[in-house]
Each structure stands twice: as C-alpha cells, then as structure tokens.
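Enquirer: Dropping in input-v8.txt, which is compact mmCIF, C-alpha atoms and all ligand atoms:
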```
# COMPACT_ATOMS: atom_id res chain seq x y z
CA MET A 369 0.00 0.00 0.00
CA VAL A 370 1.27 3.46 -0.85
CA THR A 371 1.45 5.54 2.33
CA ASP A 372 3.11 8.81 1.33
CA VAL A 373 4.10 11.04 -1.53
CA ILE A 374 7.79 11.79 -1.21
CA ALA A 375 8.29 14.94 -3.26
CA MET A 376 7.56 16.56 -6.55
CA ILE A 377 11.18 16.62 -7.61
CA ALA A 378 12.57 13.54 -5.90
CA GLN A 379 14.42 11.23 -8.23
CA VAL A 380 14.22 7.44 -8.17
CA THR A 381 17.79 6.67 -9.02
CA VAL A 382 20.19 4.53 -7.13
CA LEU A 383 23.00 6.77 -6.00
CA GLY A 384 25.57 6.65 -3.25
CA ALA A 385 24.62 7.95 0.18
CA ASP A 386 23.74 11.63 0.14
CA SER A 387 25.25 13.53 3.05
CA ASP A 388 22.92 16.52 2.56
CA TRP A 389 19.39 17.01 3.86
CA TRP A 390 16.87 18.98 1.86
CA VAL A 391 13.81 20.80 3.18
CA ASP A 392 10.93 20.05 0.84
CA THR A 393 7.52 21.62 1.29
CA GLY A 394 6.02 19.04 -1.10
CA ALA A 395 7.04 16.01 0.93
CA THR A 396 4.58 14.51 3.40
CA CYS A 397 7.17 12.46 5.31
CA TYR A 398 10.86 12.35 6.16
CA VAL A 399 12.95 10.22 3.82
CA CYS A 400 16.53 9.03 4.10
CA SER A 401 18.55 7.03 1.59
CA ASN A 402 21.24 5.73 3.95
CA LYS A 403 20.62 3.46 6.92
CA GLU A 404 23.77 4.72 8.66
CA TRP A 405 21.90 7.89 9.58
CA PHE A 406 19.41 6.05 11.79
CA THR A 407 19.88 5.89 15.52
CA THR A 408 16.94 3.45 15.92
CA TYR A 409 14.71 1.73 13.37
CA THR A 410 12.22 -1.07 12.80
CA LEU A 411 11.67 -3.10 9.62
CA THR A 412 8.67 -2.36 7.41
CA SER A 413 7.33 -3.26 3.98
CA GLU A 414 5.71 -0.01 2.85
CA VAL A 415 6.06 1.70 -0.49
CA VAL A 416 6.02 5.44 -1.23
CA MET A 417 4.90 7.28 -4.34
CA VAL A 418 7.29 9.62 -6.15
CA SER A 419 6.62 12.28 -8.75
CA ASN A 420 6.69 10.19 -11.90
CA GLN A 421 4.09 7.82 -10.49
CA ALA A 422 6.78 5.28 -9.70
CA GLN A 423 6.83 3.57 -6.35
CA ALA A 424 9.80 3.05 -4.10
CA GLU A 425 10.30 0.52 -1.36
CA VAL A 426 10.62 1.56 2.27
CA GLN A 427 12.87 -0.85 4.15
CA GLU A 428 12.90 0.62 7.65
CA ILE A 429 11.27 3.35 9.70
CA GLY A 430 13.15 5.02 12.51
CA THR A 431 14.72 8.07 14.11
CA VAL A 432 17.38 10.36 12.66
CA VAL A 433 19.05 13.12 14.68
CA LEU A 434 20.43 16.04 12.69
CA LYS A 435 22.72 18.75 14.01
CA PRO A 436 22.05 22.18 12.51
CA THR A 437 24.94 24.64 12.86
CA SER A 438 23.16 26.32 15.79
CA GLY A 439 24.45 23.35 17.83
CA LYS A 440 20.90 22.23 18.64
CA SER A 441 19.50 18.82 17.71
CA LEU A 442 16.74 18.18 15.20
CA THR A 443 15.20 14.77 15.96
CA LEU A 444 13.16 13.40 13.08
CA GLN A 445 10.71 10.63 14.05
CA ASP A 446 9.22 8.09 11.65
CA VAL A 447 11.85 8.64 8.99
CA LYS A 448 11.45 6.24 6.07
CA HIS A 449 14.57 4.52 4.81
CA VAL A 450 14.20 4.44 1.03
CA PRO A 451 17.45 3.20 -0.53
CA ALA A 452 16.29 4.13 -4.05
CA ILE A 453 15.81 7.82 -3.35
CA ALA A 454 18.56 10.23 -4.38
CA LYS A 455 18.02 12.91 -1.76
CA ASN A 456 17.42 12.91 1.98
CA LEU A 457 14.22 14.88 2.44
CA ILE A 458 12.77 16.79 5.37
CA SER A 459 9.08 17.52 5.13
CA GLY A 460 8.57 21.27 5.60
CA GLY A 461 4.93 20.65 6.53
CA LEU A 462 5.82 18.25 9.35
CA LEU A 463 8.39 20.72 10.73
CA CYS A 464 5.74 23.47 10.74
CA ASN A 465 3.32 21.16 12.55
CA ALA A 466 6.02 20.50 15.13
CA GLY A 467 6.19 24.25 15.88
CA LEU A 468 9.19 25.21 13.78
CA ARG A 469 8.94 28.54 12.00
CA MET A 470 10.55 28.90 8.58
CA ASP A 471 11.21 32.34 7.08
CA ILE A 472 12.38 32.49 3.50
CA ASN A 473 14.26 35.55 2.29
CA ALA A 474 16.85 36.15 -0.43
CA GLY A 475 17.68 32.50 -1.02
CA GLN A 476 17.88 31.59 2.65
CA MET A 477 15.49 29.78 4.93
CA VAL A 478 15.87 30.70 8.60
CA MET A 479 14.33 28.29 11.11
CA SER A 480 13.34 29.32 14.60
CA ILE A 481 11.31 28.04 17.53
CA LYS A 482 9.47 30.65 19.62
CA GLY A 483 11.84 33.35 18.40
CA THR A 484 15.03 31.37 19.06
CA TYR A 485 17.27 30.63 16.10
CA PHE A 486 17.33 26.94 15.25
CA GLY A 487 18.94 26.45 11.86
CA LYS A 488 19.38 27.64 8.35
CA ALA A 489 18.97 26.28 4.83
CA PHE A 490 20.29 27.73 1.57
CA TYR A 491 18.51 27.61 -1.78
CA THR A 492 20.53 25.27 -3.96
CA GLU A 493 19.59 23.23 -7.03
CA GLY A 494 15.92 24.14 -6.70
CA MET A 495 15.55 23.13 -3.03
CA PHE A 496 16.65 24.33 0.40
CA LYS A 497 19.73 22.52 1.69
CA LEU A 498 19.90 22.43 5.48
CA GLN A 499 23.23 23.56 6.93
CA LEU A 500 24.49 20.85 9.22
CA VAL A 501 27.62 20.14 11.14
CA ASN A 502 29.29 17.31 9.23
CA GLN A 503 27.62 14.05 10.22
CA SER A 504 27.85 11.84 7.16
CA HIS A 505 29.01 8.31 7.95
CA GLU A 506 30.11 9.48 11.39
CA ILE A 507 26.64 9.83 12.73
CA ASN A 508 27.02 7.35 15.55
CA ALA A 509 30.41 8.71 16.64
CA ILE A 510 29.23 12.30 16.54
CA ALA A 511 26.09 11.46 18.48
CA HIS A 512 28.33 11.16 21.53
CA SER A 513 30.24 14.40 20.93
CA ASP A 514 28.62 17.76 20.26
CA TYR A 515 31.93 19.35 19.38
CA THR A 516 32.70 19.05 15.72
CA LEU A 517 35.13 21.08 13.67
CA GLU A 518 32.23 22.77 11.93
CA LEU A 519 30.57 23.71 15.22
CA TRP A 520 33.80 25.33 16.44
CA HIS A 521 34.21 27.01 13.06
CA ASN A 522 30.83 28.68 13.65
CA ARG A 523 31.40 29.36 17.33
CA LEU A 524 34.77 30.99 16.78
CA GLY A 525 33.57 33.46 14.16
CA HIS A 526 34.38 31.30 11.11
CA VAL A 527 38.05 30.96 11.96
CA TYR A 528 40.31 28.75 9.77
CA CYS A 529 40.05 25.00 10.42
CA LYS A 530 43.84 24.87 10.69
CA THR A 531 43.64 27.26 13.64
CA ILE A 532 40.86 25.20 15.27
CA ASN A 533 42.94 22.03 14.95
CA LYS A 534 45.96 23.79 16.44
CA MET A 535 43.84 25.12 19.33
CA SER A 536 42.52 21.61 19.86
CA SER A 537 46.04 20.12 19.88
CA LEU A 538 47.10 22.74 22.45
CA GLY A 539 44.14 21.79 24.63
CA LEU A 540 42.48 25.21 24.34
CA ILE A 541 39.32 23.54 23.06
CA SER A 542 38.07 19.97 23.23
CA LYS A 543 39.00 17.44 20.57
CA CYS A 544 36.72 17.81 17.56
CA GLY A 545 36.07 15.54 14.63
CA GLY A 546 34.62 15.95 11.16
CA LYS A 547 35.54 18.56 8.63
CA VAL A 548 34.12 21.74 7.10
CA GLU A 549 33.14 20.88 3.54
CA LYS A 550 32.15 24.24 2.14
CA CYS A 551 30.95 27.06 4.34
CA GLU A 552 28.36 29.23 2.57
CA VAL A 553 28.71 31.96 5.21
CA CYS A 554 32.48 32.25 4.62
CA ALA A 555 31.83 32.38 0.88
CA GLN A 556 29.16 35.07 1.29
CA THR A 557 31.14 37.28 3.66
CA LYS A 558 34.52 36.56 2.01
CA ILE A 559 36.34 36.23 5.29
CA THR A 560 40.10 36.28 4.97
CA ARG A 561 42.47 36.73 7.85
CA LYS A 562 45.80 38.23 7.10
CA PRO A 563 48.19 38.46 10.02
CA PHE A 564 49.04 41.85 11.39
CA PRO A 565 52.21 43.28 9.86
CA ARG A 566 55.08 42.75 12.27
CA VAL A 567 56.69 46.13 11.87
CA ASN A 568 58.34 47.72 14.91
CA ARG A 569 56.20 45.70 17.23
CA SER A 570 56.01 46.90 20.83
CA THR A 571 57.79 44.89 23.47
CA ASP A 572 55.41 45.46 26.35
CA LEU A 573 51.73 45.76 27.17
CA LEU A 574 50.18 49.24 26.76
CA GLU A 575 53.38 50.62 25.22
CA LEU A 576 51.27 51.48 22.19
CA VAL A 577 47.51 51.25 21.67
CA HIS A 578 45.79 51.64 18.31
CA SER A 579 42.31 53.11 18.14
CA ASP A 580 39.71 53.63 15.46
CA ILE A 581 35.95 54.22 15.17
CA CYS A 582 33.80 52.09 12.92
CA ASP A 583 30.61 53.51 11.48
CA PHE A 584 27.44 51.39 11.50
CA LYS A 585 25.00 54.29 11.56
CA GLN A 586 22.83 52.99 8.74
CA PHE A 587 22.14 49.95 10.95
CA SER A 588 21.41 51.76 14.20
CA THR A 589 20.56 49.27 16.95
CA LYS A 590 17.26 49.28 18.85
CA VAL A 591 18.83 51.45 21.57
CA GLY A 592 20.41 53.87 19.09
CA ILE A 593 23.98 52.52 18.95
CA LYS A 594 25.63 53.71 15.74
CA TYR A 595 29.40 53.17 16.11
CA PHE A 596 31.97 51.05 17.85
CA ILE A 597 35.40 52.19 18.98
CA THR A 598 38.32 49.78 19.31
CA PHE A 599 41.45 50.00 21.44
CA ILE A 600 44.04 47.40 20.46
CA ASP A 601 47.18 46.77 22.43
CA ASP A 602 50.05 46.60 19.93
CA PHE A 603 52.10 44.02 21.86
CA SER A 604 49.40 41.44 22.59
CA LYS A 605 46.75 42.48 20.04
CA TYR A 606 44.25 42.20 22.90
CA ALA A 607 41.27 44.34 21.88
CA PHE A 608 38.67 46.35 23.78
CA VAL A 609 35.47 47.37 22.03
CA TYR A 610 32.90 49.91 23.19
CA LEU A 611 29.58 50.77 21.56
CA LEU A 612 28.75 54.43 20.90
CA LYS A 613 25.55 56.32 20.19
CA SER A 614 27.58 59.29 19.03
CA LYS A 615 31.23 59.95 18.21
CA TYR A 616 31.20 62.49 21.06
CA GLU A 617 31.21 59.52 23.44
CA ALA A 618 34.66 58.47 22.21
CA PHE A 619 36.50 60.46 24.88
CA GLU A 620 34.45 58.95 27.72
CA LYS A 621 35.09 55.46 26.34
CA PHE A 622 38.80 56.21 26.05
CA LYS A 623 38.91 57.12 29.74
CA GLU A 624 36.95 53.98 30.56
CA PHE A 625 39.37 51.88 28.51
CA LYS A 626 42.42 53.50 30.13
CA ALA A 627 41.12 52.85 33.64
CA GLU A 628 40.18 49.24 32.89
CA ALA A 629 43.35 48.37 30.96
CA GLU A 630 45.74 49.99 33.44
CA ARG A 631 44.05 48.25 36.34
CA GLN A 632 44.83 44.93 34.64
CA THR A 633 48.39 45.67 33.44
CA GLY A 634 50.71 48.68 33.39
CA GLN A 635 50.39 52.28 32.26
CA LEU A 636 49.32 53.47 28.85
CA LYS A 637 52.18 55.22 27.08
CA ARG A 638 51.09 55.98 23.52
CA ILE A 639 47.80 56.00 21.64
CA ARG A 640 47.73 56.03 17.84
CA SER A 641 44.69 56.96 15.79
CA ASP A 642 43.79 58.54 12.48
CA GLN A 643 43.10 62.24 12.26
CA GLY A 644 39.47 61.87 13.27
CA GLY A 645 38.18 64.90 15.15
CA GLU A 646 37.28 62.87 18.24
CA TYR A 647 40.99 62.17 18.88
CA ARG A 648 41.98 65.80 18.36
CA SER A 649 39.36 67.42 20.55
CA HIS A 650 40.58 69.81 23.22
CA GLU A 651 39.50 67.51 26.04
CA PHE A 652 41.17 64.46 24.48
CA VAL A 653 44.48 66.27 23.82
CA SER A 654 44.50 67.87 27.30
CA PHE A 655 43.77 64.57 29.00
CA CYS A 656 46.68 62.87 27.20
CA LYS A 657 49.04 65.72 28.14
CA GLU A 658 47.93 65.60 31.74
CA HIS A 659 48.58 61.84 31.98
CA GLY A 660 51.81 61.82 29.98
CA ILE A 661 50.32 59.84 27.11
CA ILE A 662 51.76 60.47 23.66
CA ASN A 663 48.81 61.10 21.34
CA GLU A 664 49.91 60.12 17.84
CA THR A 665 47.75 60.87 14.86
CA THR A 666 48.55 59.46 11.48
CA ALA A 667 48.29 60.89 8.00
CA PRO A 668 44.80 60.51 6.54
CA TYR A 669 44.30 57.78 3.92
CA SER A 670 47.72 56.32 4.68
CA PRO A 671 47.27 52.56 4.75
CA GLN A 672 50.40 51.78 6.78
CA SER A 673 49.95 54.35 9.51
CA ASN A 674 46.96 53.23 11.54
CA GLY A 675 46.89 49.84 9.85
CA VAL A 676 46.43 47.71 12.96
CA ALA A 677 43.20 49.43 14.04
CA GLU A 678 41.82 49.65 10.53
CA ARG A 679 42.55 46.00 9.78
CA LYS A 680 41.03 44.95 13.06
CA ASN A 681 37.87 46.93 12.36
CA LYS A 682 37.58 45.46 8.87
CA MET A 683 38.01 41.96 10.27
CA LEU A 684 35.48 42.65 13.03
CA THR A 685 32.98 43.96 10.49
CA LYS A 686 33.30 40.82 8.36
CA ILE A 687 32.97 38.50 11.32
CA ILE A 688 30.00 40.48 12.68
CA ASN A 689 28.29 39.99 9.31
CA SER A 690 29.11 36.28 9.27
CA MET A 691 27.79 35.83 12.81
CA LEU A 692 24.52 37.56 11.99
CA LEU A 693 24.20 35.48 8.84
CA THR A 694 24.90 32.25 10.74
CA ALA A 695 22.38 33.17 13.44
CA GLY A 696 19.82 34.47 10.95
CA LEU A 697 19.56 37.77 12.80
CA PRO A 698 18.89 41.20 11.30
CA LYS A 699 21.67 43.81 11.10
CA CYS A 700 20.32 45.77 14.06
CA TYR A 701 21.94 43.15 16.33
CA TRP A 702 25.43 44.10 15.14
CA GLY A 703 26.29 45.63 18.54
CA GLU A 704 25.89 42.32 20.40
CA ALA A 705 27.77 40.60 17.56
CA ALA A 706 30.64 43.15 17.84
CA LEU A 707 31.09 42.48 21.56
CA THR A 708 30.88 38.71 21.05
CA THR A 709 33.32 38.81 18.13
CA THR A 710 35.88 40.74 20.16
CA PHE A 711 35.48 38.32 23.05
CA ILE A 712 36.14 35.42 20.68
CA LEU A 713 39.02 36.97 18.72
CA ASN A 714 40.89 37.71 21.94
CA ARG A 715 40.71 33.99 22.66
CA VAL A 716 41.58 32.61 19.20
CA LEU A 717 45.17 31.73 18.28
CA TYR A 718 47.10 34.03 16.04
CA ALA A 719 48.40 31.93 13.18
CA THR A 720 51.91 33.30 13.39
CA SER A 721 52.46 33.62 17.14
CA GLY A 722 50.78 30.40 18.28
CA ILE A 723 49.45 32.20 21.35
CA THR A 724 46.20 33.96 22.11
CA ALA A 725 45.97 37.69 22.80
CA TYR A 726 44.20 36.80 26.04
CA GLU A 727 47.21 34.83 27.26
CA LEU A 728 49.63 37.66 26.49
CA TRP A 729 47.34 40.12 28.24
CA PHE A 730 46.24 38.14 31.33
CA LYS A 731 49.21 35.70 31.53
CA VAL A 732 46.77 32.79 31.80
CA ARG A 733 45.17 30.62 29.14
CA PRO A 734 41.61 31.45 28.11
CA ASN A 735 38.72 29.15 28.95
CA LEU A 736 36.86 28.47 25.74
CA ASN A 737 34.51 25.94 27.29
CA ILE A 738 32.26 28.83 28.30
CA ILE A 739 31.43 29.60 24.64
ZN ZN B 801 32.59 29.76 7.70
```
Take the structure I supplied and represent it as structure tokens, if you would.

Expert:
Amino acid sequence: MVTDVIAMIAQVTVLGADSDWWVDTGATCYVCSNKEWFTTYTLTSEVVMVSNQAQAEVQEIGTVVLKPTSGKSLTLQDVKHVPAIAKNLISGGLLCNAGLRMDINAGQMVMSIKGTYFGKAFYTEGMFKLQLVNQSHEINAIAHSDYTLELWHNRLGHVYCKTINKMSSLGLISKCGGKVEKCEVCAQTKITRKPFPRVNRSTDLLELVHSDICDFKQFSTKVGIKYFITFIDDFSKYAFVYLLKSKYEAFEKFKEFKAEAERQTGQLKRIRSDQGGEYRSHEFVSFCKEHGIINETTAPYSPQSNGVAERKNKMLTKIINSMLLTAGLPKCYWGEAALTTTFILNRVLYATSGITAYELWFKVRPNLNII
C-alpha cells in the first residue's frame, strides 16, 4: 500500500549515500537514503509514491538526529529509509506542525522556535539545503560528541580550520572531529584573515595602543547605537570594544578603557589613531598631556599608519556579518555581535604567534569551554 508522496522533484535513481538534507515543502514524510543515519529503526514493507508515479520501497522506519549549525538537535521521528531515493528529504509541513517557524528571504530559509534561532537552509539546485555540522558516515560517533570542527568554526567566528585544529592540539578547546566541507557563510562574507604586519612591534603591554571608530550608523541598533570604537594593544593584540551612540562619546570610552586596561596591566604610554576629530578634541588632547600619554595621529588615507586598528575593524565587520548570517539575525543586532566577536578573537590563536591575545594580556590561558 502506498502511504506517502515523497516529493515533486525527488528522483528514483540509485545513488551513493547523500550527506545533505533537503527541506521540501512538497514532501509529506521524512525520507533518508542511507541506513547509517538512523539511531533506531524497525523493519517495514511499505512503499512510497514519487513524482513520476513510480513507487519506491521503504525498508525501515526510525529516528534520525540532525545537528544544525546552531548546535541544537533536530530529531526526526518516523523517517522512512528508502534506498532508491537520491536525496534525503525533510518535510517542511511536518516541521511546521512540530512548531518550527521557517522564514524564506533572499535565497535563505531561517528556522526558529518561539523566536530562538534553530537552523538555516540555503537555496541550492531548486531546493533548500539544510546547513548541518558534518555528520555523514560518522553519525554514531558524533552522536556522543557535540563538538565538531564545523561547530567550532561557527562558534569561533568562522576561523580557519587549521587554527581550530591547532587550538585543539594545544588543549584550548576539546577534541573535535569531522571537517568543514564548504561554508556558505564564509563564501558570502569573504572572510580572509591576514596576520598583522610585524613592523616595529612593541615589546610590552600598553606601550602602544591603536584606536579607530567604525561607522554602523545605517544599521542603528534598537537602543540607538551607531558606532563602535576599538582599542588594540600593539604588543598582545588584545582588543577592547565599546559601543557608541555618538562619536562624542569616544573620549568617555577612552577614559573607561584607560582605567580598565591599566588596572589589569601597566600604564598606557602611547595612543595612535587617524586624524578623526574625536581624537583631536581639546578635552582628548589635554587629557593625554595631563597623563603623559603620547597622542599620535597618522596621516589621513595612509594605509600603513593606523593599519592595525583599521585592519582589526575590517576583520570585526566581516565576522560580525558572518555571525549575523549564521544566526539568521537582522543587522540591528550588530552591537551584540561586535562584543561577542571581540570576546572570541581575543581567545583565538594568532596563526603566526601560536598564542592567544588573552594569554599575552592576562598571563593565563583562556577558557573556551564557556562559549
Ligand atoms: Zn565559515
């Protein structure tokens, strides 16, 4: 007896196991081509109908647990094992019935439950491909470990896999398996990380601090935040970020940074910025003079001069965008993403130095298990 219609575009061809899962609004059940995905199953002798009126045999029915890149688990019950089907299908209708919300916009499907982000699918080859941490053929092994390379790649702001493996070998993060096949978010945001130029690097903390303001005013947050200001220690590359409603707040944030940083380490000696008015204001210049801080301003539009701060801000901006894209959040959440990104980057290894900024700054290793 035919029990379900699989999908309008499903193909009845015998192919190798498909490691992708596709959300299909036309399907009335969940279908999987590879038995290795199942955590539990029972034998059955059903058949299902596919688009060209052909029937396909269902061998087992059981449970499959998928891991979207949010780190949560998607447990599919009553999944039909159909060896002849070419694609693993997730019924969009059944997900909706289960309380999952799916918003489609600009080639992306964002899934959420009661306002909390759950997962994301990208429009590919005429269907929506669910983004998963890599589970193919390792499903049973991964079921016992939530920490895959792909999950850390997402958690650490889309950092290189090489860096994640090195951090894992140094014991900074737990051992993680799997691999990152192709990250759509990295491709969309074009994240590249070039190391900071090692020119005349400082030899001590707070010897030189780079600062710059980044403008996000077209994406003002719900509380009116329009900019962020960074202070980056040249020696350690440890960064402080503050959110601003107006550039006039830069001086107050500078004083806040100075107090916080000096309490943790030594005394600030030099600050380097571009020629932005907020760094040349009377109060800013007077304050530096009063505290014996050399206030260096660099030539405008000179790429080498304030390069550290500018590069950092560019990198932050890209990672903020990638985080929002991964989480399926609108741009107005960039402020939270900026603070989170800075927190993460301070705790990620620098490719060249093999040490985290956090460790150079605090003299202890960071605890990444809290992420
Ligand atoms: Zn990525």

Enquirer: May I ask you to write as a PyMOL selection string all residues lying at most 7 Å from ligand ZN 801 (chain B), with all atoms listed in the file counted?

Expert: chain A and resi 521-522+526+551-554

Enquirer: Hey, which of A:Ile458, A:Leu500, A:Leu434, A:Leu444 ends up closest to A:Thr694? Count all atoms listed in the file.

Expert: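 The shortest atom-to-atom distance to A:Thr694 comes from A:Leu500.
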
Enquirer: Interatomic distance between atom CA of A:Val577 and atom CA of A:Ile600?

Expert: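 Atom-to-atom, atom CA of A:Val577 and atom CA of A:Ile600 are spaced 5.3 Å apart.
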
Enquirer: Go through A:Met535, A:Val416, A:Ala474, A:Cys464 one by one, measure the shortest atom-to-atom distance of each to A:Ile723 using only C-alpha atoms, and give the residue with the smallest value.

Expert: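 Of A:Met535, A:Val416, A:Ala474, A:Cys464, the one nearest A:Ile723 is A:Met535, counting only C-alpha atoms.
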
Enquirer: Using all atoms listed in the file, pick whichever of A:Gln427, A:Ser387, A:Gln635, A:Ser542 has the shortest atom-to-atom distance to A:Leu457.

Expert: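 The answer is A:Ser387, which sits nearest to A:Leu457.
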
Enquirer: One decimal, in Å: what's the spacing between atom CA of A:Ser604 and atom CA of A:Thr708?

Expert: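 Atom CA of A:Thr708 lies at a distance of 18.8 Å from atom CA of A:Ser604.
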
Enquirer: Hey, what's within 10 Å of A:Leu636 if we count only C-alpha atoms and toss same-chain stuff fewer than 2 positions away? As a PDB file with C-alpha atoms, keeping the file's coordinate frame, please?

Expert:
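To be explicit, this is the file written out as out07.pdb:
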```
ATOM      1  CA  LEU A 573      51.730  45.760  27.170  1.00  0.00           C
ATOM      2  CA  LEU A 574      50.180  49.240  26.760  1.00  0.00           C
ATOM      3  CA  GLU A 575      53.380  50.620  25.220  1.00  0.00           C
ATOM      4  CA  LEU A 576      51.270  51.480  22.190  1.00  0.00           C
ATOM      5  CA  VAL A 577      47.510  51.250  21.670  1.00  0.00           C
ATOM      6  CA  ASP A 601      47.180  46.770  22.430  1.00  0.00           C
ATOM      7  CA  LYS A 626      42.420  53.500  30.130  1.00  0.00           C
ATOM      8  CA  ALA A 627      41.120  52.850  33.640  1.00  0.00           C
ATOM      9  CA  ALA A 629      43.350  48.370  30.960  1.00  0.00           C
ATOM     10  CA  GLU A 630      45.740  49.990  33.440  1.00  0.00           C
ATOM     11  CA  THR A 633      48.390  45.670  33.440  1.00  0.00           C
ATOM     12  CA  GLY A 634      50.710  48.680  33.390  1.00  0.00           C
ATOM     13  CA  ARG A 638      51.090  55.980  23.520  1.00  0.00           C
ATOM     14  CA  ILE A 639      47.800  56.000  21.640  1.00  0.00           C
ATOM     15  CA  CYS A 656      46.680  62.870  27.200  1.00  0.00           C
ATOM     16  CA  HIS A 659      48.580  61.840  31.980  1.00  0.00           C
ATOM     17  CA  GLY A 660      51.810  61.820  29.980  1.00  0.00           C
ATOM     18  CA  ILE A 661      50.320  59.840  27.110  1.00  0.00           C
ATOM     19  CA  ILE A 662      51.760  60.470  23.660  1.00  0.00           C
TER      20      ILE A 662
END
```

Enquirer: What's the separation between atom CA of A:Asp392 and atom CA of A:Ser459, in Å to one decimal place?

Expert: 5.3 Å

Enquirer: Skipping near chain neighbours, those fewer than 2 positions away, what residues fall within 9 Å of A:Glu425 using only C-alpha atoms, listed as a ChimeraX atom specification?

Expert: /A:413-416,423,427,449-452

Enquirer: Could you check the closest approach to A:Tyr398 for each of A:Thr412, A:Gly439, A:Gln445, A:Ile712 and tell me which residue wins, using only C-alpha atoms?

Expert: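 Of A:Thr412, A:Gly439, A:Gln445, A:Ile712, the one nearest A:Tyr398, counting only C-alpha atoms, is A:Gln445.
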
Enquirer: Please provide the set of residues having any atom within 9 Å of stretch 490-497 of chain A, restricted to all atoms listed in the file, with same-chain residues fewer than 6 positions apart removed, written as a list in words.

Expert: Ile377, Asp388, Trp389, Trp390, Val391, Asp392, Ala474, Gly475, Gln476, Met477, Val478 and Glu552 of chain A

Enquirer: May I ask which of the residues A:Tyr616, A:Phe596, A:Phe608, A:Phe603 is the closest one to A:Gly703, counting all atoms listed in the file?

Expert: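 Checking each of A:Tyr616, A:Phe596, A:Phe608, A:Phe603 against A:Gly703, counting all atoms listed in the file, the winner is A:Phe596.
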
Enquirer: List the neighbours of A:Ser579 out to 7 Å using all atoms listed in the file; skip same-chain residues closer than 4 positions along the sequence, and give me the result as a list of chain:residue names.

Expert: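 Result of the neighbour search: A:Thr598, A:Phe599, A:Ile600, A:Arg640, A:Ser641, A:Ala677.
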
Enquirer: What's around A:Asn735 at 9 Å? Count all atoms listed in the file, leave out sequence neighbours fewer than 3 positions away in its own chain, and write the answer as a list in words.

Expert: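 Those residues are Leu540, Ile541, Arg715, Ile738 and Ile739 of chain A.
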
Enquirer: Report the centre and edge lengths, in Å to one decimal, of an axis-aligned box enclosing every atom of stretch 645-658 of chain A listed in the file, padded by 4 Å on each side, as lines of an AutoDock Vina configuration file.

Expert:
```
center_x = 43.2
center_y = 66.0
center_z = 23.4
size_x = 19.8
size_y = 15.6
size_z = 24.6
```
